[in-house]
Protein chains: 4
Amino acid sequence: MTSPNRGFGSDNHSGVHPRILCALVKANADHAPAYGTDEYSRRAGRALKDTFGKNTDIFWVFNGTAANVLALDALTESHHAVLCADTSHLHLDECGAPERWTGCKVLAAPTRHGKLSTDALLPHLIRRGDQHYAQPRVLSIAQPTELGTVYTLDELRTLGEFARAHHLLFHIDGARLPNAAAFLQCDLGAITTAGQVDALSLGGSKNGFLAGEAVIFPNGDPSERFRFLRKQGLQLPSKTRFIAAQFEEYLRADLWRDIAVHSLEMAQLLARGLRKFPEIQISHPVESNAVFARIPKAWVKPARKKSFFYVWDPNPCEIRLMTTFDTTEEDINQLLRTFEGLQQTRPAPPLEPRP
Amino acid sequence: MTSPNRGFGSDNHSGVHPRILCALVKANADHAPAYGTDEYSRRAGRALKDTFGKNTDIFWVFNGTAANVLALDALTESHHAVLCADTSHLHLDECGAPERWTGCKVLAAPTRHGKLSTDALLPHLIRRGDQHYAQPRVLSIAQPTELGTVYTLDELRTLGEFARAHHLLFHIDGARLPNAAAFLQCDLGAITTAGQVDALSLGGSKNGFLAGEAVIFPNGDPSERFRFLRKQGLQLPSKTRFIAAQFEEYLRADLWRDIAVHSLEMAQLLARGLRKFPEIQISHPVESNAVFARIPKAWVKPARKKSFFYVWDPNPCEIRLMTTFDTTEEDINQLLRTFEGLQQTRPAPPLEPRP
Amino acid sequence: MTSPNRGFGSDNHSGVHPRILCALVKANADHAPAYGTDEYSRRAGRALKDTFGKNTDIFWVFNGTAANVLALDALTESHHAVLCADTSHLHLDECGAPERWTGCKVLAAPTRHGKLSTDALLPHLIRRGDQHYAQPRVLSIAQPTELGTVYTLDELRTLGEFARAHHLLFHIDGARLPNAAAFLQCDLGAITTAGQVDALSLGGSKNGFLAGEAVIFPNGDPSERFRFLRKQGLQLPSKTRFIAAQFEEYLRADLWRDIAVHSLEMAQLLARGLRKFPEIQISHPVESNAVFARIPKAWVKPARKKSFFYVWDPNPCEIRLMTTFDTTEEDINQLLRTFEGLQQTRPAPPLEPRP
Amino acid sequence: MTSPNRGFGSDNHSGVHPRILCALVKANADHAPAYGTDEYSRRAGRALKDTFGKNTDIFWVFNGTAANVLALDALTESHHAVLCADTSHLHLDECGAPERWTGCKVLAAPTRHGKLSTDALLPHLIRRGDQHYAQPRVLSIAQPTELGTVYTLDELRTLGEFARAHHLLFHIDGARLPNAAAFLQCDLGAITTAGQVDALSLGGSKNGFLAGEAVIFPNGDPSERFRFLRKQGLQLPSKTRFIAAQFEEYLRADLWRDIAVHSLEMAQLLARGLRKFPEIQISHPVESNAVFARIPKAWVKPARKKSFFYVWDPNPCEIRLMTTFDTTEEDINQLLRTFEGLQQTRPAPPLEPRP
């Protein structure tokens with residue numbers, strides 16, 4: 001029997017990927033020093049340096065909010081402002097953590113399908129040197145975006161050059177970065193290189209980890225003191241071997257890509273299925289593991305009983321469907337069958353004559 | 001072969017207790033909702049309410065620093081002061097996290113073997129209502145203390161009444177609380193009840209967890225908003241089932257007591273062994289899983305090669321030896337044999353005639 | 001000879017009103033206790049209670065940024081959000097001080113002529129109780145607005161009821177409140193009563209004071225601890241008699257109204273003069289001591305040499321002209337003559353044929 | 001008739017020195033630009049550069065708490081610790097403002113007569129580079145101290161070299177700096193030069209100003225962003241001419257020295273008078289404008305009715321007597337006469353036989 005919770009609610013509703021769970025079990029041998037001085041941390045660190053460049057500094061943290069907020073803390077002073085998308089997790093879903101922790105202003109700019117353009121950013125780049133105005137210092141984007149879209153490498157180059165030209169540092173919220181790399185068919189490091197990225201939040205929790213994220217500085221820690229910021233920021237893990245062992249396995253033989261490609265393919269399969277319904281409109285290009293769709297409001301309640309998902313916007317009724325490493329074709333077919341069933345019970349809309 | 005890291009370095013050098021690891025593996029079935037709404041969280045929450053009282057509010061967090069700092073955040077306003085021991089982790093080992101996060105002053109009072117008395121606290125309880133002076137608002141102790149000693153239930157009652165009488169709230173850093181309960185031969189809840197405790201940081205990481213702690217409010221969340229503080233404090237876990245499942249197993253059939261009693265017995269065995277050396281003085285009563293001992297400085301380097309430990313104070317040479325759930329009699333015997341070997345190579349000190 | 005700085009730059013470019021300066025000189029007699037316990041503070045406090053109601057709590061601070069930020073600190077917890085106008089000083093001109101000091105998010109809503117409507121606020125009142133989302137808690141408006149417009153008493157009633165209905169507290173940035181009262185021909189207290197206002201920043205610096213503002217809580221200090229917040233917020237003045245004496249004089253025999261009516265009349269005279277120029281458009285209704293006007297860009301440089309003013313928006317060229325207690329008809333005539341002179345030297349634009 | 005408040009309560013109980021009041025009145029001519037761009041600020045700035053060296057950066061703020069806290073903010077990162085005296089205003093009388101604003105730990109070391117020695121500081125200079133420990137970064141002393149004593153230039157040299165040797169920056173709380181210079185018979189700049197001081201809070205309020213302090217960086221602003229920190233720190237004054245004009249007059253023809261020498265002479269005269277009473281012990285060397293004395297507890301109430309002063313420590317009964325620019329010989333004689341009267345009415349204590 002399918003669990004009532006199984007479905008498309010979030011990529012943090014799925015558990016731990018079997019290979020990552022095995023790595024955790026294997027790491028549980030004997031004693032290991034704490035706070036990042038263990039062999040697992042050294043090996044995972046090396047793998048990440050291979051990925052993002054030899055000057056990369058890597059810091060384990062527990063969760064995505066912390067990765068984002070502490071990365072920004074390393075890039076800013078309190079009188080700075082952070083530019084981000086008005087659809088971003090940073091602006092909408094961190095409960096003001098960036099403001100409280102860094103003291104900075106968060107300035108949200110409008111997007112197209114969740115993606116920022118230089119045109120949207122430009123109006124914020126004013127009053128440089130004016131002591132009354134929080135000074136824009138960081139551009140932060142999510143790759144993929146919270147709406148499931150992906151910046152192309154060219155778009156990243158453009159944003160990176162724009163940031164450099166306007167004395168902004170560049171941060172990527174990569175809670176699902178591998179999904180973007182799968183879509184772009186590139187390596188993880190190609191994304192940070194294209195954008196000349198200063199700081200990256202590299203997620204694990206949403207990609208099959210038990211828990212664990214990394215703050216990545218491809219050009220080295222810009223604060224020269226991040227380990228203190230992390231400790232003071234409540235985020236120094238003690239038994240770091242258990243975060244590191246997950247990253248080590250995740251990077252080994254491109255497990256990250258297998259997971260990401262699977263999630264992407266499942267999302268695209270789901271989108272293809274949904275597009276066959278005249279009652280459903282896909283809201284955004286499906287470029288990672290998220291499908292946003294407008295569906296008849298009456299379908300929500302019965303459908304959620306069988307496959308869980310969140311309503312993103314109640315009016316008009318837009319839902320968010322997330323795929324994950326363990327999404328199956330059967331999961332998708334079940335949802336499509338549910339929608340078909342709901343469709344048959346309400347034949348009204350197509351019968352309406354339209355002039 | 002024994003790992004070079006095996007030894008008495010810290011209770012966070014050991015890994016995950018086998019029963020807790022099994023619980024994690026079992027919890028990895030299918031999907032579960034996130035952010036504390038899962039079945040594991042409900043069950044572990046019920047077990048903790050059974051332990052600490054039915055009004056208890058429970059919040060999962062990742063680590064001990066966060067449990068302490070966020071618990072204090074719930075008990076204070078920024079113009080308050082927190083009273084603690086001058087030997088406390090809160091004062092010495094949090095990199096100023098309490099100050100930065102709460103804005104409060106941390107006032108450290110002198111102790112006897114790491115334990116605070118009302119006499120030591122009284123001099124800080126001055127200038128009530130004076131707007132120039134940070135107002136004392138919380139008494140925070142560690143049980144057991146950072147020096148391995150344990151407050152008796154009577155001492156807790158005295159401190160709790162003192163706190164009430166002086167309008168202080170009472171917080172316990174219980175990173176190793178079960179070890180104190182094992183020594184006192186009482187339940188976990190007897191400790192918070194004796195002290196009329198307002199907030200407890202209940203540790204997992206140092207007691208055989210992979211990671212995970214709980215902030216416990218026996219009388220309910222005093223802030224009525226802790227979940228917002230936790231989220232803004234970078235500490236809302238997503239896959240909470242994996243923290244909750246550890247607590248559930250830890251509380252099942254008193255696993256916590258088995259682990260704590262073993263750790264305590266190993267520490268006492270170790271102390272008995274050490275007391276036989278005329279060159280060694282045990283610094284504090286051994287009442288939990290820590291043994292502090294002054295040893296000849298020359299012994300440190302060769303001994304640490306075989307069994308790892310930390311030097312607590314270089315001058316005079318005091319070391320800290322921590323036992324844990326997987327400490328064996330053989331671990332202890334190996335250290336004692338090492339010390340015996342070192343003793344034989346330097347026969348000088350005992351030969352000195354003393355009047 | 002007119003000072004090169006004389007003009008319409010800001011109401012903080014003028015000095016101290018002669019009556020207020022006299023009050024300062026008179027207050028300089030002998031010793032007085034500090035920190036608000038002096039006779040001047042008691043008398044000025046009584047006058048403010050007569051104005052804003054008998055439950056009013058009053059706290060002196062040094063400047064307007066502090067009055068706003070500390071008032072908000074008293075009304076909020078760190079996980080709250082403050083709703084304000086996207087044209088507000090709070091959002092644009094405090095260098096992120098509200099965010100750093102309170103930890104709150106500042107959410108800026110669009111306005112019409114600087115005035116907020118309930119329609120503009122409503123989209124922000126979402127996700128109540130959602131721990132991921134900073135919870136809207138305060139509505140903050142400026143009266144008069146930064147664009148020189150004034151909310152009517154009916155508009156204030158509507159906003160006040162809207163705030164109550166949505167569990168928002170209501171703050172007014174009244175750096176120039178008397179100017180609004182002069183326009184509305186009402187008392188100062190009528191404004192806070194109409195809006196059921198919880199906190200008011202009452203300005204002095206821009207109204208003829210040497211320096212000094214008051215944080216006013218018409219229903220009493222909501223934090224029950226504001227004096228601690230003020231001290232910790234770096235804003236407890238020592239020689240409070242010198243702030244209080246200014247307020248006492250300002251409220252005596254309605255000096256505040258004389259100054260405000262004069263400033264308003266001068267602004268309206270200026271606006272009438274400017275409206276005669278076909279090249280000039282007045283941007284907003286002139287309801288206090290500010291006139292915003294679009295003028296030919298080429299006029300700016302030569303005109304500023306004779307009468308100072310700020311360019312508000314370079315493109316299209318909009319200037320801000322502030323009147324103050326010592327603005328004279330001659331000041332206005334001089335500016336108008338300057339513009340006439342510039343007008344005469346370049347009759348071209350409307351006539352120019354272009355190929 | 002003498003005002004009931006006249007006495008020795010605090011140097012902020014006296015008003016504005018007549019010459020400084022005149023300077024304020026004279027500065028009230030016509031318009032002046034705001035935020036430090038006025039002519040008065042330029043002239044006072046030049047005078048301060050002449051005093052403290054040509055690389056000096058100068059920033060006006062409103063009060064002493066702000067000067068101290070913002071100066072420390074410029075010298076620190078949040079994970080740093082500030083070392084100061086356990087008798088310091090910074091530790092005891094700022095309501096935790098340093099902690100809240102900077103996030104730093106304040107570590108208080110024991111003193112002799114309020115003065116720190118390198119011996120007292122050394123125990124805090126531990127665990128360099130340890131991410132668990134707030135890193136000592138600033139040494140902050142008060143000159144003169146809160147107990148009225150003065151560091152000699154040699155002592156300042158020693159502390160300055162100690163700070164340099166231990167990678168500490170050096171801050172002086174100079175709320176009453178001129179009083180120290182008067183005692184040392186040196187210039188103000190000799191003090192900062194001797195100590196190689198990085199930041200100085202230069203007071204005005206306690207030295208005859210209406211209000212106003214300066215943050216002084218003899219080697220230039222170390223943060224390269226202090227003006228932003230000041231604005232975000234709620235302390236950017238608008239009508240800066242009125243702070244600057246006070247400093248200009250204070251430095252003109254060494255008015256500062258006249259005031260300081262007078263205050264010092266009055267304090268020494270007072271101390272000489274008190275020393276004649278067998279019931280009174282002077283607690284500390286009288287080196288500035290403060291006299292601390294133990295007096296019979298029974299004298300306090302009747303004496304305070306005639307000349308106000310504060311009880312510093314109730315048990316044993318120690319009082320603090322502050323002199324100021326307007327303290328007269330008659331003020332002193334009145335207090336001495338009062339004590340004589342109290343002395344005559346109770347000859348008992350020295351005679352009492354005890355069993």
# chains A, B, ... in the order shown; residues from 1 in each chain; ligands from 1
call {"tool": "closest_atom_pairs", "arguments": {"of": "chain B", "to": "chain A", "cutoff": "7 Å", "atoms": "only C-alpha atoms", "output": "CSV"}}
result
residue,atom,partner,partner_atom,distance
B:Asn5,CA,A:His31,CA,5.9
B:Arg6,CA,A:His31,CA,5.1
B:Asn12,CA,A:Lys239,CA,6.2
B:His13,CA,A:Ala32,CA,5.0
B:Ser14,CA,A:His31,CA,4.6
B:Gly15,CA,A:Asn28,CA,5.4
B:Val16,CA,A:Asn28,CA,6.3
B:Asn28,CA,A:Gly15,CA,5.4
B:Ala29,CA,A:Gly15,CA,6.9
B:Asp30,CA,A:Ser14,CA,6.4
B:His31,CA,A:Ser14,CA,4.6
B:Ala32,CA,A:His13,CA,5.0
B:Pro33,CA,A:His13,CA,5.2
B:Ala34,CA,A:His13,CA,6.0
B:Phe62,CA,A:Phe62,CA,7.0
B:Asn63,CA,A:Pro237,CA,6.8
B:Thr65,CA,A:Leu234,CA,5.7
B:Ala66,CA,A:Leu234,CA,5.0
B:Glu94,CA,A:Gln232,CA,6.6
B:Cys95,CA,A:Gln232,CA,5.5
B:Gly96,CA,A:Gln232,CA,6.3
B:Ala97,CA,A:Gln232,CA,4.4
B:Lys231,CA,A:Cys95,CA,6.6
B:Gln232,CA,A:Ala97,CA,4.4
B:Gly233,CA,A:Ala97,CA,6.7
B:Leu234,CA,A:Ala66,CA,5.0
B:Pro237,CA,A:Asn63,CA,6.9
B:Ser238,CA,A:Asn12,CA,6.5
B:Lys239,CA,A:Asn12,CA,6.2
call {"tool": "write_last_selection", "arguments": {"atoms": "C-alpha atoms", "output": "JSON list (two decimals), in the first residue's frame"}}
result
[["chain", "number", "residue", "atom", "x", "y", "z"],
["B", 5, "ASN", "CA", 41.92, 8.31, 17.02],
["B", 6, "ARG", "CA", 40.31, 5.91, 19.47],
["B", 12, "ASN", "CA", 31.57, 13.33, 20.07],
["B", 13, "HIS", "CA", 34.51, 11.31, 18.75],
["B", 14, "SER", "CA", 32.49, 8.15, 19.06],
["B", 15, "GLY", "CA", 29.98, 7.37, 16.33],
["B", 16, "VAL", "CA", 26.33, 6.41, 16.38],
["B", 28, "ASN", "CA", 14.18, 5.69, 6.01],
["B", 29, "ALA", "CA", 10.97, 4.20, 4.64],
["B", 30, "ASP", "CA", 9.01, 6.04, 2.02],
["B", 31, "HIS", "CA", 8.01, 9.69, 2.30],
["B", 32, "ALA", "CA", 7.34, 11.68, 5.44],
["B", 33, "PRO", "CA", 6.25, 15.28, 5.81],
["B", 34, "ALA", "CA", 8.91, 17.73, 6.93],
["B", 62, "PHE", "CA", 20.72, 20.32, 15.07],
["B", 63, "ASN", "CA", 23.36, 20.96, 17.71],
["B", 65, "THR", "CA", 25.24, 25.52, 20.68],
["B", 66, "ALA", "CA", 21.94, 26.17, 18.94],
["B", 94, "GLU", "CA", 30.35, 29.28, 22.07],
["B", 95, "CYS", "CA", 32.46, 31.97, 20.36],
["B", 96, "GLY", "CA", 30.17, 34.69, 21.67],
["B", 97, "ALA", "CA", 27.09, 33.13, 20.03],
["B", 231, "LYS", "CA", 13.57, 29.21, 11.93],
["B", 232, "GLN", "CA", 15.09, 32.70, 12.04],
["B", 233, "GLY", "CA", 17.89, 31.14, 14.11],
["B", 234, "LEU", "CA", 18.87, 28.93, 11.13],
["B", 237, "PRO", "CA", 15.46, 20.92, 10.33],
["B", 238, "SER", "CA", 13.57, 19.71, 7.27],
["B", 239, "LYS", "CA", 13.71, 15.91, 7.52]]
call {"tool": "select_by_dssp", "arguments": {"residues": "region 130-180 of chain B", "states": "strand (DSSP E)", "output": "PyMOL selection string"}}
result
chain B and resi 135-142+169-174
call {"tool": "residues_around", "arguments": {"residues": "Phe52 (chain A)", "least_positions_apart": "5", "cutoff": "10 Å", "atoms": "only C-alpha atoms", "output": "list in words"}}
result
Arg46, Ala47, Asp57, Ile58, Asp187, Leu188, Gly189, Ala190, Ile191, Thr192, Thr193, Ile216, Phe217, Pro218 and Asn219 of chain A
call {"tool": "write_last_selection", "arguments": {"atoms": "N, CA, C and O atoms", "output": "compact mmCIF listing (two decimals), in the first residue's frame"}}
result
# COMPACT_ATOMS: atom_id res chain seq x y z
N ARG A 46 38.45 17.23 -0.69
CA ARG A 46 39.24 17.08 -1.92
C ARG A 46 38.33 16.93 -3.13
O ARG A 46 38.58 17.51 -4.19
N ALA A 47 37.29 16.12 -2.99
CA ALA A 47 36.37 15.91 -4.11
C ALA A 47 35.71 17.23 -4.52
O ALA A 47 35.50 17.50 -5.70
N ASP A 57 37.32 26.92 -0.75
CA ASP A 57 37.17 26.64 0.68
C ASP A 57 35.78 26.07 0.92
O ASP A 57 34.80 26.56 0.35
N ILE A 58 35.74 25.05 1.78
CA ILE A 58 34.50 24.30 1.99
C ILE A 58 34.17 24.24 3.47
O ILE A 58 35.05 23.95 4.29
N ASP A 187 29.02 20.08 -15.82
CA ASP A 187 29.48 19.76 -14.48
C ASP A 187 29.03 20.83 -13.50
O ASP A 187 28.69 21.95 -13.89
N LEU A 188 29.08 20.48 -12.20
CA LEU A 188 28.70 21.46 -11.19
C LEU A 188 29.61 22.69 -11.25
O LEU A 188 29.15 23.83 -11.15
N GLY A 189 30.88 22.46 -11.45
CA GLY A 189 31.84 23.56 -11.47
C GLY A 189 31.66 24.49 -12.65
O GLY A 189 32.07 25.66 -12.60
N ALA A 190 31.05 23.99 -13.72
CA ALA A 190 30.84 24.86 -14.89
C ALA A 190 29.91 26.02 -14.54
O ALA A 190 30.01 27.11 -15.09
N ILE A 191 29.02 25.77 -13.62
CA ILE A 191 28.05 26.81 -13.23
C ILE A 191 28.74 27.92 -12.44
O ILE A 191 28.56 29.11 -12.72
N THR A 192 29.56 27.53 -11.46
CA THR A 192 30.24 28.57 -10.69
C THR A 192 31.29 29.28 -11.52
O THR A 192 31.52 30.48 -11.35
N THR A 193 31.93 28.56 -12.42
CA THR A 193 32.92 29.19 -13.28
C THR A 193 32.27 30.19 -14.23
O THR A 193 32.76 31.31 -14.39
N ILE A 216 30.38 26.86 -0.03
CA ILE A 216 31.51 26.70 -0.94
C ILE A 216 31.97 28.09 -1.40
O ILE A 216 31.15 28.87 -1.89
N PHE A 217 33.25 28.38 -1.20
CA PHE A 217 33.81 29.62 -1.73
C PHE A 217 34.84 29.26 -2.80
O PHE A 217 35.98 28.90 -2.47
N PRO A 218 34.48 29.32 -4.09
CA PRO A 218 35.40 28.86 -5.13
C PRO A 218 36.73 29.61 -5.15
O PRO A 218 37.75 29.05 -5.53
N ASN A 219 36.72 30.86 -4.69
CA ASN A 219 37.97 31.63 -4.67
C ASN A 219 38.54 31.74 -3.26
O ASN A 219 39.36 32.62 -3.00
call {"tool": "select_by_dssp", "arguments": {"residues": "region 15-151 of chain A", "states": "alpha helix (DSSP H)", "output": "ChimeraX atom specification"}}
result
/A:18-27,39-52,64-75,89-92,97-102,118-121
call {"tool": "atom_distance", "arguments": {"atom1": "CA of Asp173 (chain C)", "atom2": "CA of Gln131 (chain B)"}}
result
25.4 Å
call {"tool": "atom_distance", "arguments": {"atom1": "CA of Ile141 (chain C)", "atom2": "CA of Leu202 (chain C)"}}
result
12.8 Å
call {"tool": "residues_around", "arguments": {"residues": "Ser78 (chain D)", "least_positions_apart": "4", "cutoff": "6 Å", "atoms": "only C-alpha atoms", "output": "PDB file with C-alpha atoms, in the first residue's frame"}}
result
ATOM      1  CA  THR D 102      28.748  44.539  17.940  1.00  0.00           C
ATOM      2  CA  GLY D 103      27.921  40.913  18.815  1.00  0.00           C
ATOM      3  CA  CYS D 104      31.255  40.771  20.631  1.00  0.00           C
TER       4      CYS D 104
END
call {"tool": "residues_around", "arguments": {"residues": "Thr327 (chain A)", "least_positions_apart": "4", "cutoff": "7 Å", "atoms": "only C-alpha atoms", "output": "MDAnalysis selection string"}}
result
chainID A and resid 266 323 331
call {"tool": "write_last_selection", "arguments": {"atoms": "N, CA and C atoms", "output": "PDB file, in the first residue's frame"}}
result
ATOM      1  N   MET A 266      11.716  12.524 -14.457  1.00  0.00           N
ATOM      2  CA  MET A 266      10.393  12.295 -13.869  1.00  0.00           C
ATOM      3  C   MET A 266       9.541  13.569 -13.964  1.00  0.00           C
ATOM      4  N   THR A 323       9.474  16.363  -7.967  1.00  0.00           N
ATOM      5  CA  THR A 323       9.947  14.988  -8.084  1.00  0.00           C
ATOM      6  C   THR A 323      11.241  14.857  -7.283  1.00  0.00           C
ATOM      7  N   ASP A 331       4.215   6.508  -9.590  1.00  0.00           N
ATOM      8  CA  ASP A 331       3.752   7.693  -8.850  1.00  0.00           C
ATOM      9  C   ASP A 331       3.083   8.678  -9.802  1.00  0.00           C
TER      10      ASP A 331
END
call {"tool": "residues_around", "arguments": {"residues": "Ala293 (chain B)", "least_positions_apart": "6", "cutoff": "10 Å", "atoms": "only C-alpha atoms", "output": "PDB file with N, CA and C atoms, in the first residue's frame"}}
result
ATOM      1  N   ALA B 271      39.020   6.227  36.722  1.00  0.00           N
ATOM      2  CA  ALA B 271      39.499   7.039  37.843  1.00  0.00           C
ATOM      3  C   ALA B 271      40.152   6.150  38.908  1.00  0.00           C
ATOM      4  N   LEU B 274      43.539   5.357  37.749  1.00  0.00           N
ATOM      5  CA  LEU B 274      44.461   6.501  37.782  1.00  0.00           C
ATOM      6  C   LEU B 274      44.888   6.836  39.212  1.00  0.00           C
ATOM      7  N   ARG B 275      43.973   6.621  40.145  1.00  0.00           N
ATOM      8  CA  ARG B 275      44.275   6.995  41.527  1.00  0.00           C
ATOM      9  C   ARG B 275      45.448   6.171  42.093  1.00  0.00           C
ATOM     10  N   ILE B 280      49.692  11.050  39.703  1.00  0.00           N
ATOM     11  CA  ILE B 280      48.442  11.575  39.143  1.00  0.00           C
ATOM     12  C   ILE B 280      47.504  12.021  40.252  1.00  0.00           C
ATOM     13  N   GLN B 281      46.897  13.202  40.060  1.00  0.00           N
ATOM     14  CA  GLN B 281      45.824  13.648  40.965  1.00  0.00           C
ATOM     15  C   GLN B 281      44.541  13.836  40.161  1.00  0.00           C
ATOM     16  N   ILE B 282      43.467  13.252  40.639  1.00  0.00           N
ATOM     17  CA  ILE B 282      42.150  13.481  40.039  1.00  0.00           C
ATOM     18  C   ILE B 282      41.675  14.850  40.515  1.00  0.00           C
ATOM     19  N   SER B 283      41.266  15.711  39.591  1.00  0.00           N
ATOM     20  CA  SER B 283      40.968  17.110  39.940  1.00  0.00           C
ATOM     21  C   SER B 283      39.579  17.299  40.535  1.00  0.00           C
ATOM     22  N   HIS B 284      38.608  16.531  40.050  1.00  0.00           N
ATOM     23  CA  HIS B 284      37.220  16.768  40.451  1.00  0.00           C
ATOM     24  C   HIS B 284      36.548  15.430  40.758  1.00  0.00           C
ATOM     25  N   VAL B 311      44.529  17.981  26.408  1.00  0.00           N
ATOM     26  CA  VAL B 311      45.095  18.695  27.551  1.00  0.00           C
ATOM     27  C   VAL B 311      44.150  19.853  27.862  1.00  0.00           C
ATOM     28  N   TRP B 312      43.631  19.889  29.058  1.00  0.00           N
ATOM     29  CA  TRP B 312      42.650  20.905  29.449  1.00  0.00           C
ATOM     30  C   TRP B 312      43.344  22.186  29.868  1.00  0.00           C
ATOM     31  N   CYS B 317      49.835  20.595  34.267  1.00  0.00           N
ATOM     32  CA  CYS B 317      49.355  19.768  33.168  1.00  0.00           C
ATOM     33  C   CYS B 317      48.128  18.948  33.586  1.00  0.00           C
ATOM     34  N   GLU B 318      46.947  19.456  33.183  1.00  0.00           N
ATOM     35  CA  GLU B 318      45.701  18.750  33.483  1.00  0.00           C
ATOM     36  C   GLU B 318      45.095  18.234  32.190  1.00  0.00           C
ATOM     37  N   ILE B 319      44.717  16.964  32.193  1.00  0.00           N
ATOM     38  CA  ILE B 319      44.107  16.393  30.999  1.00  0.00           C
ATOM     39  C   ILE B 319      42.647  16.044  31.281  1.00  0.00           C
ATOM     40  N   ARG B 320      41.862  15.979  30.172  1.00  0.00           N
ATOM     41  CA  ARG B 320      40.463  15.572  30.288  1.00  0.00           C
ATOM     42  C   ARG B 320      40.283  14.244  29.569  1.00  0.00           C
ATOM     43  N   LEU B 321      39.706  13.284  30.253  1.00  0.00           N
ATOM     44  CA  LEU B 321      39.447  11.968  29.662  1.00  0.00           C
ATOM     45  C   LEU B 321      37.940  11.758  29.655  1.00  0.00           C
TER      46      LEU B 321
END
call {"tool": "residues_around", "arguments": {"residues": "Leu255 (chain A)", "least_positions_apart": "5", "cutoff": "10 Å", "atoms": "only C-alpha atoms", "output": "count of residues only"}}
result
9
call {"tool": "closest_residue", "arguments": {"among": "D:Asn315, D:Gln185, D:Thr56, D:Ser88", "to": "Thr152 (chain D)", "atoms": "only C-alpha atoms"}}
result
D:Gln185
